[in-house]
$ cat input_25.txt   # compact mmCIF, C-alpha atoms
# COMPACT_ATOMS: atom_id res chain seq x y z
CA MET A 21 7.95 -17.21 14.42
CA LYS A 22 5.29 -15.27 16.25
CA LEU A 23 2.43 -13.48 14.51
CA TYR A 24 0.54 -10.66 16.19
CA SER A 25 -2.85 -11.24 14.68
CA TYR A 26 -6.57 -10.62 14.91
CA PHE A 27 -9.07 -12.86 13.19
CA ARG A 28 -10.88 -10.13 11.27
CA SER A 29 -7.80 -8.18 10.20
CA SER A 30 -7.45 -8.80 6.51
CA ALA A 31 -3.82 -7.67 6.60
CA ALA A 32 -3.11 -10.36 9.22
CA PHE A 33 -5.15 -12.81 7.12
CA ARG A 34 -2.76 -12.16 4.20
CA VAL A 35 0.25 -13.03 6.33
CA ARG A 36 -1.43 -16.14 7.78
CA ILE A 37 -1.99 -17.39 4.21
CA ALA A 38 1.59 -16.59 3.17
CA ILE A 39 3.09 -18.43 6.15
CA ASN A 40 0.84 -21.41 5.46
CA LEU A 41 1.74 -21.47 1.76
CA LYS A 42 5.41 -21.47 2.72
CA GLY A 43 4.78 -24.51 4.89
CA LEU A 44 6.02 -22.66 7.99
CA SER A 45 4.45 -22.72 11.42
CA TYR A 46 3.85 -19.85 13.80
CA ASP A 47 2.50 -18.99 17.21
CA THR A 48 -0.35 -16.52 17.33
CA GLU A 49 -0.33 -13.61 19.75
CA LEU A 50 -3.82 -12.17 19.80
CA VAL A 51 -4.11 -8.39 19.52
CA ASP A 52 -7.76 -7.78 20.24
CA LEU A 53 -8.75 -4.83 18.08
CA SER A 54 -12.25 -4.93 19.59
CA THR A 55 -10.87 -3.85 22.97
CA GLY A 56 -8.27 -1.44 21.59
CA ALA A 57 -5.34 -3.71 22.55
CA HIS A 58 -3.51 -2.57 19.41
CA LEU A 59 -3.31 0.96 20.80
CA SER A 60 -1.81 -0.09 24.13
CA GLY A 61 1.68 1.01 25.09
CA LYS A 62 2.66 -2.64 25.33
CA TYR A 63 1.79 -3.44 21.73
CA LYS A 64 3.24 -0.18 20.47
CA THR A 65 6.66 -1.31 21.71
CA VAL A 66 6.26 -4.12 19.15
CA ASN A 67 4.68 -2.02 16.41
CA PRO A 68 4.86 1.76 16.84
CA GLN A 69 2.06 2.05 14.32
CA GLY A 70 -0.28 0.10 16.58
CA ARG A 71 -1.66 -2.00 13.76
CA VAL A 72 -1.76 -5.70 13.07
CA PRO A 73 -0.08 -7.76 11.84
CA ALA A 74 3.45 -7.75 13.17
CA LEU A 75 5.69 -10.76 12.79
CA ILE A 76 8.68 -11.71 14.88
CA ASP A 77 11.14 -13.95 13.09
CA LYS A 78 14.62 -14.65 14.42
CA ASP A 79 14.21 -11.86 16.97
CA LYS A 80 13.45 -9.30 14.28
CA ILE A 81 10.18 -7.39 14.31
CA LEU A 82 8.52 -6.96 10.94
CA ILE A 83 5.48 -4.80 10.21
CA GLN A 84 3.14 -4.04 7.29
CA SER A 85 1.67 -7.12 5.65
CA ILE A 86 3.13 -6.63 2.17
CA SER A 87 6.60 -5.96 3.60
CA ILE A 88 6.26 -9.06 5.76
CA ILE A 89 5.31 -11.19 2.75
CA GLU A 90 8.22 -9.80 0.69
CA TYR A 91 10.46 -10.69 3.64
CA LEU A 92 9.04 -14.23 3.84
CA GLU A 93 9.66 -14.59 0.11
CA GLU A 94 13.31 -13.63 0.58
CA ALA A 95 13.91 -15.60 3.77
CA TYR A 96 11.99 -18.73 2.73
CA PRO A 97 12.05 -18.73 -1.07
CA THR A 98 10.36 -22.10 -1.65
CA PRO A 99 7.58 -22.31 -2.70
CA SER A 100 7.74 -18.90 -4.31
CA LEU A 101 4.86 -16.46 -3.95
CA LEU A 102 6.00 -14.38 -6.92
CA PRO A 103 6.28 -15.31 -10.62
CA SER A 104 9.62 -16.00 -12.26
CA THR A 105 9.79 -12.98 -14.59
CA MET A 106 10.13 -9.38 -13.45
CA GLU A 107 7.26 -8.25 -15.68
CA GLU A 108 4.92 -10.79 -14.10
CA ARG A 109 6.17 -9.90 -10.65
CA ALA A 110 5.32 -6.27 -11.38
CA TRP A 111 1.83 -7.28 -12.53
CA VAL A 112 1.25 -9.38 -9.42
CA ARG A 113 2.51 -6.61 -7.14
CA GLY A 114 0.23 -4.21 -9.01
CA ILE A 115 -2.83 -6.29 -8.13
CA ALA A 116 -1.62 -6.69 -4.55
CA ASN A 117 -1.14 -2.94 -4.22
CA ILE A 118 -4.51 -2.02 -5.69
CA ILE A 119 -5.93 -3.95 -2.75
CA ALA A 120 -3.35 -3.03 -0.12
CA CYS A 121 -3.16 0.67 -1.05
CA ASP A 122 -6.45 1.62 -2.66
CA ILE A 123 -9.19 -0.61 -1.27
CA HIS A 124 -8.34 -1.93 2.14
CA PRO A 125 -6.92 1.25 3.77
CA LEU A 126 -10.17 3.06 3.11
CA ASN A 127 -12.26 0.36 4.71
CA ASN A 128 -10.34 -0.67 7.78
CA LEU A 129 -11.65 -0.30 11.31
CA ALA A 130 -9.79 2.93 12.12
CA VAL A 131 -11.26 4.67 9.08
CA LEU A 132 -14.79 3.38 9.57
CA ASN A 133 -14.65 4.51 13.21
CA TYR A 134 -13.46 7.96 12.11
CA LEU A 135 -16.35 8.19 9.64
CA THR A 136 -19.04 7.20 12.11
CA GLY A 137 -17.42 8.90 15.12
CA VAL A 138 -15.76 12.18 14.17
CA LEU A 139 -17.73 12.76 10.97
CA SER A 140 -21.06 11.36 12.24
CA VAL A 141 -21.60 9.42 9.04
CA GLY A 142 -24.66 7.18 9.20
CA THR A 143 -24.76 3.43 8.67
CA GLU A 144 -26.09 3.56 5.13
CA GLN A 145 -23.53 6.14 4.01
CA LYS A 146 -20.77 4.12 5.67
CA LEU A 147 -21.83 1.06 3.70
CA GLU A 148 -21.92 3.08 0.49
CA TRP A 149 -18.41 4.35 1.20
CA TYR A 150 -17.22 0.79 1.81
CA ARG A 151 -18.81 -0.58 -1.33
CA HIS A 152 -17.60 2.32 -3.45
CA TRP A 153 -13.92 1.59 -2.85
CA VAL A 154 -14.41 -2.16 -3.17
CA ALA A 155 -16.20 -1.74 -6.50
CA GLU A 156 -13.65 0.73 -7.87
CA GLY A 157 -10.74 -1.55 -7.01
CA LEU A 158 -12.27 -4.88 -8.00
CA GLU A 159 -13.45 -3.45 -11.31
CA ALA A 160 -9.84 -2.65 -12.22
CA ILE A 161 -8.64 -6.02 -10.98
CA GLU A 162 -11.32 -7.90 -12.94
CA LYS A 163 -10.20 -6.09 -16.10
CA MET A 164 -6.56 -6.88 -15.42
CA LEU A 165 -7.42 -10.54 -14.84
CA LEU A 166 -9.43 -10.65 -18.04
CA GLU A 167 -6.47 -9.32 -20.01
CA ASN A 168 -3.79 -11.45 -18.38
CA SER A 169 -2.92 -14.44 -20.55
CA LYS A 170 -1.12 -16.02 -17.59
CA ARG A 171 -4.30 -16.18 -15.49
CA LYS A 172 -5.20 -19.79 -14.81
CA GLU A 173 -6.49 -21.31 -11.61
CA PHE A 174 -4.96 -18.36 -9.81
CA CYS A 175 -4.29 -14.71 -10.65
CA CYS A 176 -1.04 -15.50 -12.42
CA GLY A 177 -0.50 -19.16 -13.22
CA ASP A 178 -1.21 -22.52 -11.63
CA GLU A 179 0.14 -21.70 -8.21
CA PRO A 180 -1.22 -19.18 -5.73
CA GLY A 181 0.91 -16.17 -4.90
CA LEU A 182 0.97 -12.61 -3.62
CA ALA A 183 -1.98 -11.39 -5.71
CA ASP A 184 -4.19 -14.27 -4.55
CA ILE A 185 -3.03 -13.74 -0.97
CA CYS A 186 -4.34 -10.17 -1.11
CA LEU A 187 -7.45 -10.94 -3.14
CA VAL A 188 -8.96 -13.57 -0.85
CA PRO A 189 -9.11 -11.48 2.36
CA GLN A 190 -10.48 -8.59 0.32
CA VAL A 191 -13.29 -10.80 -0.99
CA PHE A 192 -14.02 -11.95 2.56
CA ASN A 193 -14.34 -8.31 3.62
CA ALA A 194 -16.53 -7.53 0.65
CA GLN A 195 -18.81 -10.45 1.45
CA ARG A 196 -19.06 -9.39 5.08
CA PHE A 197 -20.26 -5.96 3.96
CA GLU A 198 -22.58 -7.53 1.40
CA CYS A 199 -20.93 -6.04 -1.66
CA ASP A 200 -22.28 -7.28 -4.96
CA LEU A 201 -19.50 -9.37 -6.50
CA SER A 202 -21.48 -10.73 -9.45
CA GLU A 203 -19.72 -8.41 -11.88
CA TYR A 204 -16.34 -9.89 -11.05
CA PRO A 205 -16.49 -13.49 -12.28
CA PHE A 206 -12.72 -13.95 -12.51
CA VAL A 207 -12.30 -12.63 -8.99
CA GLU A 208 -14.94 -15.06 -7.76
CA ARG A 209 -13.46 -17.98 -9.66
CA ILE A 210 -9.98 -17.36 -8.28
CA PHE A 211 -11.39 -16.89 -4.81
CA ASN A 212 -13.06 -20.30 -5.06
CA SER A 213 -9.85 -21.93 -6.32
CA CYS A 214 -7.94 -20.49 -3.39
CA MET A 215 -10.44 -21.51 -0.76
CA LYS A 216 -10.08 -25.15 -1.79
CA LEU A 217 -6.52 -24.99 -0.46
CA GLU A 218 -5.79 -25.66 3.19
CA ALA A 219 -3.34 -22.75 3.34
CA PHE A 220 -6.17 -20.32 2.63
CA ASP A 221 -8.90 -22.20 4.44
CA LEU A 222 -7.06 -22.48 7.74
CA ALA A 223 -6.14 -18.79 7.62
CA GLN A 224 -9.70 -17.54 7.34
CA PRO A 225 -11.17 -15.45 10.16
CA SER A 226 -13.70 -18.03 11.40
CA LYS A 227 -10.95 -20.60 11.91
CA GLN A 228 -8.86 -18.44 14.23
CA PRO A 229 -9.11 -19.36 17.93
CA GLU A 230 -10.49 -15.98 19.02
CA ALA A 231 -13.35 -16.19 16.50
CA GLU A 232 -15.26 -18.35 18.99
CA ARG A 233 -15.65 -15.44 21.36
CA PHE A 234 -17.38 -13.30 18.78
CA LYS A 235 -20.04 -15.77 17.77
CA MET B 6 10.47 4.77 -20.87
CA LYS B 7 7.28 6.78 -20.65
CA LEU B 8 5.77 7.94 -17.38
CA TYR B 9 2.11 8.87 -17.12
CA SER B 10 2.38 11.56 -14.52
CA TYR B 11 0.76 14.57 -12.88
CA PHE B 12 2.78 17.12 -11.00
CA ARG B 13 0.81 16.96 -7.75
CA SER B 14 0.42 13.18 -7.63
CA SER B 15 2.67 12.03 -4.85
CA ALA B 16 2.63 8.47 -6.19
CA ALA B 17 3.96 9.78 -9.53
CA PHE B 18 6.44 11.92 -7.58
CA ARG B 19 7.82 8.73 -5.98
CA VAL B 20 8.43 7.16 -9.37
CA ARG B 21 10.00 10.33 -10.77
CA ILE B 22 12.50 10.26 -7.90
CA ALA B 23 13.23 6.55 -8.36
CA ILE B 24 13.88 6.92 -12.08
CA ASN B 25 16.16 9.90 -11.41
CA LEU B 26 18.08 8.04 -8.70
CA LYS B 27 18.62 5.17 -11.12
CA GLY B 28 20.09 7.65 -13.59
CA LEU B 29 17.48 6.75 -16.19
CA SER B 30 15.60 9.13 -18.42
CA TYR B 31 11.91 9.18 -19.32
CA ASP B 32 9.32 11.00 -21.34
CA THR B 33 6.39 12.44 -19.46
CA GLU B 34 2.84 11.93 -20.62
CA LEU B 35 0.65 14.32 -18.71
CA VAL B 36 -2.54 12.91 -17.22
CA ASP B 37 -4.35 15.98 -16.01
CA LEU B 38 -6.18 14.95 -12.85
CA SER B 39 -7.69 18.44 -12.62
CA THR B 40 -9.75 17.83 -15.76
CA GLY B 41 -10.50 14.16 -15.01
CA ALA B 42 -8.23 12.90 -17.80
CA HIS B 43 -7.34 9.92 -15.62
CA LEU B 44 -10.92 8.69 -15.82
CA SER B 45 -11.10 8.83 -19.60
CA GLY B 46 -11.52 5.69 -21.63
CA LYS B 47 -8.25 6.43 -23.37
CA TYR B 48 -6.21 6.45 -20.19
CA LYS B 49 -8.06 3.45 -18.80
CA THR B 50 -6.73 1.36 -21.68
CA VAL B 51 -3.30 2.12 -20.20
CA ASN B 52 -4.30 1.76 -16.56
CA PRO B 53 -7.68 0.14 -15.86
CA GLN B 54 -7.57 1.67 -12.40
CA GLY B 55 -7.50 5.17 -13.87
CA ARG B 56 -4.81 6.39 -11.50
CA VAL B 57 -1.37 7.82 -11.99
CA PRO B 58 1.38 6.88 -12.29
CA ALA B 59 1.72 4.24 -14.98
CA LEU B 60 5.06 3.47 -16.56
CA ILE B 61 5.74 1.95 -19.94
CA ASP B 62 9.11 0.25 -20.17
CA LYS B 63 10.05 -2.06 -23.04
CA ASP B 64 6.42 -2.10 -24.18
CA LYS B 65 5.22 -3.33 -20.81
CA ILE B 66 2.70 -1.31 -18.81
CA LEU B 67 3.37 -1.10 -15.11
CA ILE B 68 1.04 0.37 -12.51
CA GLN B 69 1.05 1.19 -8.79
CA SER B 70 4.04 3.24 -7.65
CA ILE B 71 5.54 0.75 -5.21
CA SER B 72 5.25 -2.09 -7.75
CA ILE B 73 6.87 0.15 -10.36
CA ILE B 74 9.77 0.96 -8.03
CA GLU B 75 10.25 -2.73 -7.16
CA TYR B 76 10.32 -3.41 -10.91
CA LEU B 77 12.89 -0.64 -11.52
CA GLU B 78 14.98 -2.13 -8.73
CA GLU B 79 14.94 -5.53 -10.46
CA ALA B 80 15.37 -4.25 -14.03
CA TYR B 81 18.02 -1.60 -13.23
CA PRO B 82 19.71 -2.80 -10.04
CA THR B 83 22.41 -0.12 -9.80
CA PRO B 84 22.31 2.04 -7.75
CA SER B 85 20.14 0.00 -5.43
CA LEU B 86 17.14 1.55 -3.75
CA LEU B 87 16.97 -1.19 -1.12
CA PRO B 88 19.47 -2.14 1.60
CA SER B 89 21.67 -5.22 1.32
CA THR B 90 20.16 -7.32 4.12
CA MET B 91 16.67 -8.77 4.08
CA GLU B 92 15.94 -7.47 7.58
CA GLU B 93 16.79 -3.93 6.51
CA ARG B 94 14.83 -4.34 3.31
CA ALA B 95 11.81 -5.34 5.39
CA TRP B 96 12.26 -2.29 7.61
CA VAL B 97 12.53 0.03 4.59
CA ARG B 98 9.49 -1.54 2.95
CA GLY B 99 7.65 -1.16 6.26
CA ILE B 100 8.24 2.62 6.24
CA ALA B 101 7.31 2.81 2.57
CA ASN B 102 4.08 0.93 3.19
CA ILE B 103 3.05 2.99 6.20
CA ILE B 104 3.03 5.90 3.76
CA ALA B 105 1.76 4.10 0.68
CA CYS B 106 -0.94 2.10 2.48
CA ASP B 107 -1.93 4.03 5.59
CA ILE B 108 -1.35 7.73 4.96
CA HIS B 109 -1.51 8.59 1.30
CA PRO B 110 -4.58 6.53 0.24
CA LEU B 111 -6.70 8.37 2.78
CA ASN B 112 -5.64 11.77 1.55
CA ASN B 113 -5.60 11.48 -2.19
CA LEU B 114 -7.82 13.50 -4.49
CA ALA B 115 -10.46 10.80 -5.03
CA VAL B 116 -11.00 10.40 -1.30
CA LEU B 117 -11.04 14.12 -0.54
CA ASN B 118 -13.57 14.62 -3.33
CA TYR B 119 -15.74 11.84 -1.89
CA LEU B 120 -15.62 13.46 1.55
CA THR B 121 -16.56 16.93 0.34
CA GLY B 122 -18.91 15.74 -2.39
CA VAL B 123 -20.87 12.65 -1.36
CA LEU B 124 -20.47 13.13 2.39
CA SER B 125 -20.73 16.96 2.38
CA VAL B 126 -17.79 17.26 4.74
CA GLY B 127 -16.74 20.89 5.30
CA THR B 128 -13.32 22.39 4.66
CA GLU B 129 -12.21 22.42 8.28
CA GLN B 130 -13.25 18.81 8.84
CA LYS B 131 -11.53 17.78 5.64
CA LEU B 132 -8.31 19.39 6.84
CA GLU B 133 -8.65 17.64 10.21
CA TRP B 134 -9.11 14.32 8.44
CA TYR B 135 -6.04 14.98 6.34
CA ARG B 136 -3.89 15.96 9.27
CA HIS B 137 -5.13 13.08 11.40
CA TRP B 138 -3.79 10.41 9.05
CA VAL B 139 -0.57 12.30 8.40
CA ALA B 140 0.07 12.66 12.14
CA GLU B 141 -0.75 9.04 12.90
CA GLY B 142 1.59 7.75 10.23
CA LEU B 143 4.47 10.16 10.72
CA GLU B 144 4.40 9.58 14.48
CA ALA B 145 5.07 5.88 13.90
CA ILE B 146 7.73 6.63 11.30
CA GLU B 147 9.50 9.12 13.58
CA LYS B 148 9.64 6.47 16.31
CA MET B 149 10.98 3.89 13.87
CA LEU B 150 13.63 6.33 12.66
CA LEU B 151 14.61 7.14 16.23
CA GLU B 152 15.13 3.46 16.99
CA ASN B 153 16.95 2.54 13.79
CA SER B 154 20.70 2.40 14.35
CA LYS B 155 21.22 2.41 10.56
CA ARG B 156 19.57 5.81 10.15
CA LYS B 157 22.14 8.32 8.92
CA GLU B 158 21.66 11.01 6.30
CA PHE B 159 18.74 9.00 4.99
CA CYS B 160 16.18 6.64 6.50
CA CYS B 161 18.50 3.67 6.31
CA GLY B 162 22.13 4.51 5.67
CA ASP B 163 24.12 7.00 3.63
CA GLU B 164 22.27 6.52 0.37
CA PRO B 165 18.64 7.36 -0.37
CA GLY B 166 16.26 4.52 -1.10
CA LEU B 167 12.66 3.35 -1.15
CA ALA B 168 11.77 4.75 2.28
CA ASP B 169 13.12 8.20 1.41
CA ILE B 170 11.39 8.05 -1.96
CA CYS B 171 8.05 7.64 -0.20
CA LEU B 172 8.78 10.02 2.66
CA VAL B 173 9.63 13.11 0.61
CA PRO B 174 6.39 13.33 -1.42
CA GLN B 175 4.43 12.67 1.78
CA VAL B 176 6.17 15.61 3.48
CA PHE B 177 5.40 17.78 0.44
CA ASN B 178 1.73 16.86 0.79
CA ALA B 179 1.78 17.51 4.51
CA GLN B 180 3.33 20.94 3.97
CA ARG B 181 0.76 21.78 1.32
CA PHE B 182 -2.01 21.06 3.82
CA GLU B 183 -0.13 22.92 6.55
CA CYS B 184 0.37 19.96 8.85
CA ASP B 185 2.55 20.67 11.87
CA LEU B 186 5.74 18.68 11.34
CA SER B 187 7.71 20.07 14.28
CA GLU B 188 7.25 16.86 16.25
CA TYR B 189 9.05 14.82 13.61
CA PRO B 190 12.64 16.11 13.64
CA PHE B 191 14.12 13.00 12.02
CA VAL B 192 11.54 13.14 9.25
CA GLU B 193 12.39 16.79 8.65
CA ARG B 194 16.12 16.17 8.72
CA ILE B 195 15.90 13.34 6.20
CA PHE B 196 13.59 15.40 4.03
CA ASN B 197 16.18 18.19 3.97
CA SER B 198 18.98 15.75 3.12
CA CYS B 199 16.97 14.37 0.23
CA MET B 200 16.01 17.74 -1.18
CA LYS B 201 19.68 18.64 -1.57
CA LEU B 202 19.89 15.93 -4.21
CA GLU B 203 19.04 16.68 -7.81
CA ALA B 204 17.13 13.40 -8.17
CA PHE B 205 14.62 14.60 -5.57
CA ASP B 206 14.71 18.26 -6.45
CA LEU B 207 13.97 17.80 -10.15
CA ALA B 208 11.10 15.42 -9.36
CA GLN B 209 9.21 17.87 -7.16
CA PRO B 210 5.79 19.10 -8.28
CA SER B 211 6.77 22.71 -8.98
CA LYS B 212 9.48 21.59 -11.40
CA GLN B 213 7.15 19.60 -13.64
CA PRO B 214 6.25 21.32 -16.91
CA GLU B 215 2.50 21.42 -16.23
CA ALA B 216 3.02 23.19 -12.89
CA GLU B 217 3.30 26.49 -14.76
CA ARG B 218 -0.35 26.33 -15.74
CA PHE B 219 -1.52 26.14 -12.16
CA LYS B 220 0.36 29.16 -10.86
$ encode --input "input_25.txt" --output "structure tokens"
Amino acid sequence: MKLYSYFRSSAAFRVRIAINLKGLSYDTELVDLSTGAHLSGKYKTVNPQGRVPALIDKDKILIQSISIIEYLEEAYPTPSLLPSTMEERAWVRGIANIIACDIHPLNNLAVLNYLTGVLSVGTEQKLEWYRHWVAEGLEAIEKMLLENSKRKEFCCGDEPGLADICLVPQVFNAQRFECDLSEYPFVERIFNSCMKLEAFDLAQPSKQPEAERFK
Amino acid sequence: MKLYSYFRSSAAFRVRIAINLKGLSYDTELVDLSTGAHLSGKYKTVNPQGRVPALIDKDKILIQSISIIEYLEEAYPTPSLLPSTMEERAWVRGIANIIACDIHPLNNLAVLNYLTGVLSVGTEQKLEWYRHWVAEGLEAIEKMLLENSKRKEFCCGDEPGLADICLVPQVFNAQRFECDLSEYPFVERIFNSCMKLEAFDLAQPSKQPEAERFK
């Protein structure tokens, strides 16, 4: 399979983790967001939305990180990235969607560029915006983790899954923008558990080949 | 089942449609976003994120509209809201997530209030922001619809499903903010097909009991 990826894209980061957890291998096709390569006509023939990631598997193009991970779960069911009961799956997807729908979309590059460009928002206000949505989302997630009796090493049980896959890149982003995470001890603990695993570690931004160029 | 809902919430609108399409019935518990009821301690014991919708089914609390719909699909499989092949399911989830992750989160009430409140963005600039994200997302969706050989009356085939469930409330929002939709003929056509169905029609904002109060 081929993954259209960019080291700092946390949506691509999610898919890198998922592929690694499934024990699959992939070729990376760099889409350099820093030069606008995602908005090129060439890339838009792959993904009309012009966003990363996109995954090609068996000649099919897949877009949107959560959809891609649901596809991977169906196409390569073992090891599973979702719990065995439908109630737990709904809980896990709830955590994943708090991040994928209510934190990350507000803080991605396109939005930050709109804020500073079109709306002339200053650096400090941009940071406040960023931290506001991170805090609002992680506060809810911390509470949900606290109340979940199935929380163990990972968000839901002893094996990492979809919720952890979304949480880790979000924590990376939060750290990069120096958000205060001290109020989210369960989030931090799960983050640390995940980062001990090769599947997460090898997927992190600094370990992608193109990261070298940005040092 | 009990749905915590608000007539204008397009995420709640999605779940209302899904429940109707499944032929299930539900009681509505109004969470009045206009008075900040979603941020009350009482509602946050239901949904720590303080957003609508939330669904209670068999004493389990479910949050996040897409997670809720995936749950409904698992708990009440007939009629199905997802296609029969995993490639088509991925395509449908891709459309759903363009809306749920990249259009709607940027245009919901919390974000618009942040723009006009904290960032002192004016009315015209707020409208431009709104229309920008609608146009960017619907442009990609229109292209995906154009290229999908399975598109018929609905996004993917002759029966409505998850993609249509997300598309219709998004079009309602776009119309409310007077976005120009003339460049998205497939979107409009599918919207019209959906709105002929009672499941969609009865779920629309103006047909919710609390809508009366806001006339």
$ atom_distance --input "input_25.txt" --atom1 "atom CA of Ala31 of chain A" --atom2 "atom CA of Leu165 of chain A"
21.9 Å
$ closest_residue --input "input_25.txt" --among "A:Tyr134, A:Phe192, A:Phe174, A:Tyr204" --to "chain B" --atoms "only C-alpha atoms"
A:Tyr134
$ residues_around --input "input_25.txt" --residues "Ile76 of chain A" --least-positions-apart "4" --cutoff "12 Å" --atoms "only C-alpha atoms" --output "list of chain:residue names"
A:Met21, A:Lys22, A:Leu23, A:Tyr24, A:Ser25, A:Tyr46, A:Asp47, A:Thr48, A:Glu49, A:Val66, A:Asn67, A:Lys80, A:Ile81, A:Leu82, A:Ile83, A:Ile88, A:Tyr91, A:Leu92, B:Glu92, B:Ala95
$ residues_around --input "input_25.txt" --residues "Ser202 of chain A" --least-positions-apart "3" --cutoff "12 Å" --atoms "all atoms listed in the file" --output "number ranges by chain"
A: 155, 158-159, 162, 191, 194-195, 198-199, 205-209
$ atom_distance --input "input_25.txt" --atom1 "atom CA of Leu44 of chain B" --atom2 "atom CA of Leu124 of chain B"
21.0 Å
$ atom_distance --input "input_25.txt" --atom1 "atom CA of Ala160 of chain A" --atom2 "atom CA of Gly55 of chain B"
8.3 Å
$ closest_residue --input "input_25.txt" --among "A:Ala32, A:Ile89, A:Ala130, A:Ile37" --to "Met215 of chain A" --atoms "all atoms listed in the file"
A:Ile37
$ closest_residue --input "input_25.txt" --among "A:Ile39, A:Phe27, A:Thr136, A:Pro125" --to "Arg233 of chain A" --atoms "all atoms listed in the file"
A:Phe27
$ interface_residues --input "input_25.txt" --of "chain B" --to "chain A" --cutoff "9 Å" --atoms "all atoms listed in the file" --output "PyMOL selection string"
chain B and resi 52-55+65-73+75-76+79-80+91-92+94-103+105-111+116+119+123-124+126+130+134+141-142+144-146+148-149
$ closest_residue --input "input_25.txt" --among "A:Ala223, A:Ile185, A:Leu201, A:Leu129" --to "Arg151 of chain A" --atoms "only C-alpha atoms"
A:Leu201
$ residues_near_point --input "input_25.txt" --point "(10.9, -22.5, 4.4)" --cutoff "9 Å" --atoms "only C-alpha atoms" --output "list in words"
Ile39, Lys42, Gly43, Leu44, Leu92, Ala95, Tyr96, Pro97, Thr98 and Pro99 of chain A
$ closest_residue --input "input_25.txt" --among "A:Ala38, A:Asp79, A:Glu232, A:Leu187" --to "Ile210 of chain A" --atoms "only C-alpha atoms"
A:Leu187
$ axis_aligned_box --input "input_25.txt" --around "segment 117-121 of chain B" --padding-each-side "8 Å" --output "AutoDock Vina command-line options"
--center_x -13.8 --center_y 14.4 --center_z -0.9 --size_x 21.5 --size_y 21.1 --size_z 20.9
